[in-house]
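Below is entry15.pdb, which holds PDB, C-alpha atoms, pLDDT in the B column.
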ATOM      1  CA  MET A   1      16.831  21.217  -5.577  1.00 83.00           C
ATOM      2  CA  ILE A   2      15.028  18.473  -7.455  1.00 92.00           C
ATOM      3  CA  LYS A   3      11.914  17.004  -5.844  1.00 96.00           C
ATOM      4  CA  ILE A   4      12.261  13.213  -5.691  1.00 96.00           C
ATOM      5  CA  GLN A   5       9.211  10.984  -5.283  1.00 96.00           C
ATOM      6  CA  VAL A   6       9.744   7.309  -4.486  1.00 95.00           C
ATOM      7  CA  GLN A   7       7.199   4.518  -4.919  1.00 93.00           C
ATOM      8  CA  LEU A   8       8.435   1.223  -3.512  1.00 91.00           C
ATOM      9  CA  TYR A   9       7.341  -2.364  -3.343  1.00 88.00           C
ATOM     10  CA  LEU A  10       9.114  -4.600  -0.869  1.00 83.00           C
ATOM     11  CA  PRO A  11       8.115  -8.251  -1.482  1.00 83.00           C
ATOM     12  CA  ASP A  12       7.118 -10.350   1.520  1.00 74.00           C
ATOM     13  CA  GLN A  13       9.223 -13.277   0.358  1.00 73.00           C
ATOM     14  CA  ASN A  14      12.923 -13.432  -0.439  1.00 70.00           C
ATOM     15  CA  GLN A  15      13.551 -12.613  -4.098  1.00 73.00           C
ATOM     16  CA  GLY A  16      17.254 -13.517  -4.151  1.00 78.00           C
ATOM     17  CA  THR A  17      19.364 -10.429  -4.763  1.00 83.00           C
ATOM     18  CA  VAL A  18      16.312  -8.221  -5.475  1.00 86.00           C
ATOM     19  CA  TRP A  19      15.314  -6.671  -2.167  1.00 83.00           C
ATOM     20  CA  GLY A  20      12.631  -4.406  -3.648  1.00 89.00           C
ATOM     21  CA  TYR A  21      11.653  -2.364  -6.658  1.00 90.00           C
ATOM     22  CA  GLY A  22       9.699   0.711  -7.627  1.00 94.00           C
ATOM     23  CA  THR A  23       9.835   4.016  -9.434  1.00 95.00           C
ATOM     24  CA  ILE A  24      11.550   7.365  -9.011  1.00 95.00           C
ATOM     25  CA  THR A  25       9.858  10.549 -10.245  1.00 96.00           C
ATOM     26  CA  LEU A  26      11.916  13.719 -10.586  1.00 96.00           C
ATOM     27  CA  ASP A  27      10.085  17.061 -10.265  1.00 96.00           C
ATOM     28  CA  GLN A  28       6.843  15.322 -11.335  1.00 93.00           C
ATOM     29  CA  LEU A  29       8.277  15.319 -14.863  1.00 95.00           C
ATOM     30  CA  LEU A  30      10.424  12.237 -15.362  1.00 95.00           C
ATOM     31  CA  THR A  31       9.784   8.720 -14.009  1.00 96.00           C
ATOM     32  CA  PHE A  32      11.999   5.642 -14.236  1.00 96.00           C
ATOM     33  CA  GLN A  33      12.180   2.254 -12.604  1.00 96.00           C
ATOM     34  CA  ILE A  34      14.634   1.215  -9.920  1.00 95.00           C
ATOM     35  CA  ARG A  35      15.503  -1.973  -8.124  1.00 93.00           C
ATOM     36  CA  ILE A  36      17.040  -2.331  -4.690  1.00 92.00           C
ATOM     37  CA  LEU A  37      19.627  -5.057  -5.008  1.00 90.00           C
ATOM     38  CA  THR A  38      21.924  -6.724  -2.510  1.00 86.00           C
ATOM     39  CA  CYS A  39      25.452  -7.956  -3.034  1.00 84.00           C
ATOM     40  CA  GLU A  40      27.935  -9.673  -0.776  1.00 83.00           C
ATOM     41  CA  LYS A  41      30.882  -7.490   0.183  1.00 80.00           C
ATOM     42  CA  GLY A  42      32.937 -10.290   1.699  1.00 77.00           C
ATOM     43  CA  ALA A  43      32.967 -11.941   5.112  1.00 79.00           C
ATOM     44  CA  GLY A  44      29.222 -12.614   4.675  1.00 77.00           C
ATOM     45  CA  ILE A  45      28.352  -8.895   4.826  1.00 83.00           C
ATOM     46  CA  LYS A  46      25.551  -7.888   2.446  1.00 82.00           C
ATOM     47  CA  GLU A  47      25.133  -4.384   1.132  1.00 87.00           C
ATOM     48  CA  ALA A  48      22.073  -2.921  -0.582  1.00 87.00           C
ATOM     49  CA  PHE A  49      22.199  -0.419  -3.417  1.00 90.00           C
ATOM     50  CA  VAL A  50      19.840   1.286  -5.862  1.00 93.00           C
ATOM     51  CA  SER A  51      20.063  -0.108  -9.381  1.00 92.00           C
ATOM     52  CA  PHE A  52      18.981   2.002 -12.336  1.00 94.00           C
ATOM     53  CA  PRO A  53      17.579   0.605 -15.610  1.00 94.00           C
ATOM     54  CA  ARG A  54      19.961  -1.513 -17.691  1.00 92.00           C
ATOM     55  CA  ARG A  55      19.707  -3.906 -20.618  1.00 93.00           C
ATOM     56  CA  LYS A  56      21.787  -6.748 -21.890  1.00 92.00           C
ATOM     57  CA  GLN A  57      23.570  -6.095 -25.194  1.00 91.00           C
ATOM     58  CA  GLY A  58      25.169  -9.342 -26.309  1.00 91.00           C
ATOM     59  CA  GLU A  59      27.358 -10.457 -23.425  1.00 93.00           C
ATOM     60  CA  ARG A  60      27.493  -7.045 -21.715  1.00 93.00           C
ATOM     61  CA  TRP A  61      25.103  -4.976 -19.638  1.00 91.00           C
ATOM     62  CA  GLU A  62      24.472  -1.390 -20.710  1.00 93.00           C
ATOM     63  CA  ASP A  63      23.207   1.444 -18.478  1.00 93.00           C
ATOM     64  CA  LEU A  64      20.050   3.032 -19.895  1.00 94.00           C
ATOM     65  CA  VAL A  65      19.607   5.712 -17.246  1.00 95.00           C
ATOM     66  CA  ILE A  66      22.806   7.391 -16.110  1.00 94.00           C
ATOM     67  CA  VAL A  67      22.403   9.658 -13.090  1.00 94.00           C
ATOM     68  CA  GLU A  68      24.911  12.279 -11.971  1.00 94.00           C
ATOM     69  CA  ASP A  69      26.653  11.436  -8.679  1.00 94.00           C
ATOM     70  CA  SER A  70      25.004  14.203  -6.637  1.00 94.00           C
ATOM     71  CA  LEU A  71      21.542  13.202  -7.858  1.00 95.00           C
ATOM     72  CA  ARG A  72      22.361   9.507  -7.311  1.00 94.00           C
ATOM     73  CA  ASN A  73      23.159  10.317  -3.650  1.00 94.00           C
ATOM     74  CA  GLN A  74      19.880  12.225  -3.262  1.00 96.00           C
ATOM     75  CA  ILE A  75      17.930   9.353  -4.832  1.00 95.00           C
ATOM     76  CA  THR A  76      19.671   6.805  -2.610  1.00 94.00           C
ATOM     77  CA  GLU A  77      18.780   8.825   0.501  1.00 95.00           C
ATOM     78  CA  ALA A  78      15.160   9.240  -0.678  1.00 96.00           C
ATOM     79  CA  VAL A  79      14.958   5.457  -1.262  1.00 95.00           C
ATOM     80  CA  ARG A  80      16.392   4.778   2.222  1.00 92.00           C
ATOM     81  CA  GLU A  81      13.768   7.050   3.753  1.00 93.00           C
ATOM     82  CA  ALA A  82      11.009   5.354   1.738  1.00 92.00           C
ATOM     83  CA  ILE A  83      12.241   1.951   2.948  1.00 89.00           C
ATOM     84  CA  ARG A  84      12.187   3.170   6.567  1.00 89.00           C
ATOM     85  CA  MET A  85       8.637   4.453   6.094  1.00 87.00           C
ATOM     86  CA  GLU A  86       7.496   1.238   4.395  1.00 83.00           C
ATOM     87  CA  ILE A  87       8.979  -0.979   7.096  1.00 82.00           C
ATOM     88  CA  THR A  88       7.657   1.056  10.039  1.00 83.00           C
ATOM     89  CA  LYS A  89       4.208   2.051   8.720  1.00 78.00           C
ATOM     90  CA  ASP A  90       2.541  -0.982  10.264  1.00 74.00           C
ATOM     91  CA  LEU A  91       4.210  -0.702  13.667  1.00 81.00           C
ATOM     92  CA  TYR A  92       1.752   1.948  14.801  1.00 84.00           C
ATOM     93  CA  LEU A  93      -1.931   1.691  13.988  1.00 89.00           C
ATOM     94  CA  PRO A  94      -4.041   4.763  14.681  1.00 92.00           C
ATOM     95  CA  PRO A  95      -7.259   4.529  16.672  1.00 94.00           C
ATOM     96  CA  ILE A  96     -10.315   3.620  14.599  1.00 96.00           C
ATOM     97  CA  GLU A  97     -13.700   4.822  15.788  1.00 96.00           C
ATOM     98  CA  VAL A  98     -17.012   3.545  14.435  1.00 97.00           C
ATOM     99  CA  VAL A  99     -19.023   6.779  14.449  1.00 97.00           C
ATOM    100  CA  HIS A 100     -22.241   5.248  13.126  1.00 97.00           C
ATOM    101  CA  LEU A 101     -23.459   1.772  12.242  1.00 96.00           C
ATOM    102  CA  GLN A 102     -26.815   1.172  10.631  1.00 94.00           C
ATOM    103  CA  VAL A 103     -27.978  -2.448  10.624  1.00 91.00           C
ATOM    104  CA  PHE A 104     -30.483  -3.128   7.856  1.00 89.00           C
ATOM    105  CA  PRO A 105     -33.556  -5.221   8.550  1.00 85.00           C
ATOM    106  CA  LYS A 106     -33.685  -8.585   6.836  1.00 80.00           C
ATOM    107  CA  GLY A 107     -35.714  -8.370   3.691  1.00 73.00           C
ATOM    108  CA  LYS A 108     -35.235  -6.907   0.249  1.00 69.00           C
ATOM    109  CA  LYS A 109     -31.492  -7.292  -0.111  1.00 75.00           C
ATOM    110  CA  LYS A 110     -30.506 -10.392   1.866  1.00 79.00           C
ATOM    111  CA  PHE A 111     -26.802  -9.903   1.185  1.00 89.00           C
ATOM    112  CA  LEU A 112     -26.650  -6.261   2.389  1.00 92.00           C
ATOM    113  CA  VAL A 113     -26.699  -6.209   6.204  1.00 93.00           C
ATOM    114  CA  GLY A 114     -25.426  -2.757   7.177  1.00 93.00           C
ATOM    115  CA  GLU A 115     -23.515   0.436   6.531  1.00 95.00           C
ATOM    116  CA  ALA A 116     -20.845   2.013   8.727  1.00 97.00           C
ATOM    117  CA  THR A 117     -19.119   5.353   9.161  1.00 97.00           C
ATOM    118  CA  ILE A 118     -15.664   5.427  10.724  1.00 97.00           C
ATOM    119  CA  ARG A 119     -13.127   8.024  11.777  1.00 97.00           C
ATOM    120  CA  VAL A 120      -9.386   7.348  11.398  1.00 96.00           C
ATOM    121  CA  LEU A 121      -6.440   9.760  11.201  1.00 94.00           C
ATOM    122  CA  GLY A 122      -8.810  12.735  11.292  1.00 95.00           C
ATOM    123  CA  VAL A 123     -10.770  11.484   8.255  1.00 96.00           C
ATOM    124  CA  THR A 124     -14.413  10.406   8.426  1.00 97.00           C
ATOM    125  CA  VAL A 125     -15.350   7.704   5.932  1.00 96.00           C
ATOM    126  CA  LYS A 126     -19.031   7.060   5.196  1.00 96.00           C
ATOM    127  CA  GLY A 127     -20.537   4.240   3.185  1.00 95.00           C
ATOM    128  CA  ILE A 128     -18.567   1.203   4.369  1.00 96.00           C
ATOM    129  CA  LEU A 129     -20.912  -1.628   3.411  1.00 95.00           C
ATOM    130  CA  LEU A 130     -21.399  -4.830   5.388  1.00 95.00           C
ATOM    131  CA  LYS A 131     -22.483  -7.777   3.287  1.00 94.00           C
ATOM    132  CA  ARG A 132     -23.337 -11.383   3.962  1.00 91.00           C
ATOM    133  CA  GLY A 133     -21.395 -13.770   1.770  1.00 90.00           C
ATOM    134  CA  LYS A 134     -20.804 -17.472   1.477  1.00 90.00           C
ATOM    135  CA  TYR A 135     -18.305 -17.390   4.384  1.00 92.00           C
ATOM    136  CA  GLY A 136     -20.091 -14.888   6.645  1.00 90.00           C
ATOM    137  CA  VAL A 137     -20.292 -11.126   6.988  1.00 92.00           C
ATOM    138  CA  PHE A 138     -17.581  -8.999   5.411  1.00 94.00           C
ATOM    139  CA  CYS A 139     -17.200  -5.325   4.643  1.00 94.00           C
ATOM    140  CA  HIS A 140     -15.635  -3.114   1.999  1.00 92.00           C
ATOM    141  CA  MET A 141     -14.881   0.555   1.539  1.00 94.00           C
ATOM    142  CA  PRO A 142     -17.237   2.828  -0.433  1.00 94.00           C
ATOM    143  CA  GLN A 143     -16.808   2.413  -4.176  1.00 93.00           C
ATOM    144  CA  TYR A 144     -17.475   4.074  -7.502  1.00 93.00           C
ATOM    145  CA  TYR A 145     -17.765   2.515 -10.942  1.00 92.00           C
ATOM    146  CA  SER A 146     -15.316   3.234 -13.757  1.00 89.00           C
ATOM    147  CA  GLU A 147     -15.969   2.070 -17.331  1.00 91.00           C
ATOM    148  CA  LYS A 148     -12.296   1.119 -17.714  1.00 90.00           C
ATOM    149  CA  LYS A 149     -11.544  -0.436 -14.316  1.00 89.00           C
ATOM    150  CA  GLY A 150     -14.885  -1.536 -12.878  1.00 92.00           C
ATOM    151  CA  TYR A 151     -15.511  -0.895  -9.181  1.00 92.00           C
ATOM    152  CA  GLN A 152     -12.789   1.076  -7.379  1.00 93.00           C
ATOM    153  CA  ASP A 153     -12.508   2.040  -3.706  1.00 93.00           C
ATOM    154  CA  VAL A 154     -13.099   5.754  -3.109  1.00 94.00           C
ATOM    155  CA  ILE A 155     -10.565   5.656  -0.275  1.00 93.00           C
ATOM    156  CA  TYR A 156      -8.161   2.877   0.674  1.00 88.00           C
ATOM    157  CA  SER A 157      -5.139   2.147   2.792  1.00 87.00           C
ATOM    158  CA  PRO A 158      -1.981   0.801   1.181  1.00 79.00           C
ATOM    159  CA  SER A 159      -1.305  -0.796   4.585  1.00 81.00           C
ATOM    160  CA  LYS A 160      -2.847  -4.269   4.818  1.00 82.00           C
ATOM    161  CA  ARG A 161      -2.696  -4.084   8.622  1.00 87.00           C
ATOM    162  CA  LEU A 162      -4.709  -0.854   8.706  1.00 90.00           C
ATOM    163  CA  ARG A 163      -7.250  -2.205   6.183  1.00 91.00           C
ATOM    164  CA  ASP A 164      -7.672  -5.345   8.275  1.00 92.00           C
ATOM    165  CA  ALA A 165      -7.960  -3.287  11.479  1.00 94.00           C
ATOM    166  CA  ILE A 166     -10.673  -1.061   9.955  1.00 95.00           C
ATOM    167  CA  PHE A 167     -12.690  -4.054   8.784  1.00 96.00           C
ATOM    168  CA  GLN A 168     -12.188  -5.910  12.077  1.00 95.00           C
ATOM    169  CA  THR A 169     -13.354  -2.886  14.103  1.00 96.00           C
ATOM    170  CA  VAL A 170     -16.476  -2.485  11.932  1.00 97.00           C
ATOM    171  CA  LEU A 171     -17.263  -6.205  12.061  1.00 95.00           C
ATOM    172  CA  GLU A 172     -16.790  -6.364  15.858  1.00 95.00           C
ATOM    173  CA  THR A 173     -19.161  -3.397  16.267  1.00 95.00           C
ATOM    174  CA  TYR A 174     -21.689  -5.149  14.017  1.00 94.00           C
ATOM    175  CA  GLN A 175     -21.404  -8.392  16.022  1.00 92.00           C
ATOM    176  CA  GLU A 176     -21.875  -6.509  19.308  1.00 92.00           C
ATOM    177  CA  ARG A 177     -24.956  -4.819  17.872  1.00 88.00           C
ATOM    178  CA  GLN A 178     -26.361  -8.236  16.864  1.00 84.00           C
ATOM    179  CA  LYS A 179     -26.158  -9.391  20.505  1.00 82.00           C
ATOM    180  CA  GLU A 180     -28.350  -6.488  21.721  1.00 76.00           C
TER     181      GLU A 180
END
Can you dump the structure from the file as structure tokens?
Amino acid sequence: MIKIQVQLYLPDQNQGTVWGYGTITLDQLLTFQIRILTCEKGAGIKEAFVSFPRRKQGERWEDLVIVEDSLRNQITEAVREAIRMEITKDLYLPPIEVVHLQVFPKGKKKFLVGEATIRVLGVTVKGILLKRGKYGVFCHMPQYYSEKKGYQDVIYSPSKRLRDAIFQTVLETYQERQKE
């Protein structure tokens, strides 16, 4: 049995017949791009399917990656499952607990106002910094510096809703602490 990994991107806005795109990796050895396309089957019924890499040769399209039928079915099912996961991931947000919040006294570093530790999904994250910017206080996850990519988050959520919920919870805790 081949292990199939699916990475998907489903755009927020309508992209015509392209419903999404991503990559398939087989047994951690071979990776290729896919697109999820829609076509009309008649009577206004749309059907989605997984499209494998192709290129235009003159007036014709040529398949570049040809997948055996049994593997195609496995890939299609893996893509369906990935779509289900992508669509439903933001329906449930786990509880977020601010375990510790240190508010820094005003002074040396005006822009740095605090540091938080949270717990979410059984993971404790230390070093979430609260900073004062042009538009108010904001926070970001702990970071490290890479010569090639600059500052990168040590831990992050691919879910925008969870990221926003983490930052909102930290900022609300900070604001409550300011009232004391």
Extract, using all atoms listed in the file, all DNA, RNA and protein residues at most 8 Å from A:Cys39, discarding same-chain residues fewer than 3 positions from it, and format them as a tab-separated table (two decimals) with C-alpha atoms, in the frame of the given file.
chain	number	residue	atom	x	y	z
A	17	THR	CA	19.36	-10.43	-4.76
A	46	LYS	CA	25.55	-7.89	2.45
A	47	GLU	CA	25.13	-4.38	1.13
A	48	ALA	CA	22.07	-2.92	-0.58
**Request:** Quick one: apply the PyMOL selection byres ((chain A and resi 99) around 10) to the file and drop the selected residues here as a list in words.
**Result:**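 When the PyMOL selection byres ((chain A and resi 99) around 10) is applied, the selected residues are Ile96, Glu97, Val98, His100, Leu101, Ala116, Thr117, Ile118, Arg119, Thr124, Val125, Lys126 and Val170 of chain A.
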**Message:** Need the shell around stretch 51-59 of chain A: protein/DNA/RNA residues with any atom at most 7 Å away, counting only C-alpha atoms. Skip same-chain ones fewer than 2 positions apart. Format as a VMD selection string?
**Reply:** chain A and resid 33 to 37 49 61 to 65
**Asked** Given the choices A:Asp164, A:Glu147, A:Asp153, A:Glu176, which gets closest to A:Ile128 if the distance is worked out from all atoms listed in the file?
**Response** A:Asp153
Residues within 10 Å of A:Gly114, please, as a CSV table (one decimal) with C-alpha atoms, keeping the file's coordinate frame. Count all atoms listed in the file; anything in the same chain fewer than 2 positions from it doesn't count.
chain,number,residue,atom,x,y,z
A,101,LEU,CA,-23.5,1.8,12.2
A,102,GLN,CA,-26.8,1.2,10.6
A,103,VAL,CA,-28.0,-2.4,10.6
A,104,PHE,CA,-30.5,-3.1,7.9
A,105,PRO,CA,-33.6,-5.2,8.6
A,111,PHE,CA,-26.8,-9.9,1.2
A,112,LEU,CA,-26.6,-6.3,2.4
A,116,ALA,CA,-20.8,2.0,8.7
A,127,GLY,CA,-20.5,4.2,3.2
A,128,ILE,CA,-18.6,1.2,4.4
A,129,LEU,CA,-20.9,-1.6,3.4
A,130,LEU,CA,-21.4,-4.8,5.4
A,131,LYS,CA,-22.5,-7.8,3.3
A,132,ARG,CA,-23.3,-11.4,4.0
A,137,VAL,CA,-20.3,-11.1,7.0
A,139,CYS,CA,-17.2,-5.3,4.6
A,174,TYR,CA,-21.7,-5.1,14.0
**Message:** Could you tell me how far atom CA of A:Arg161 sits from atom CA of A:Tyr92, in Å to one decimal place?
**Reply:**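 Atom-to-atom, atom CA of A:Tyr92 to atom CA of A:Arg161, that is 9.7 Å.
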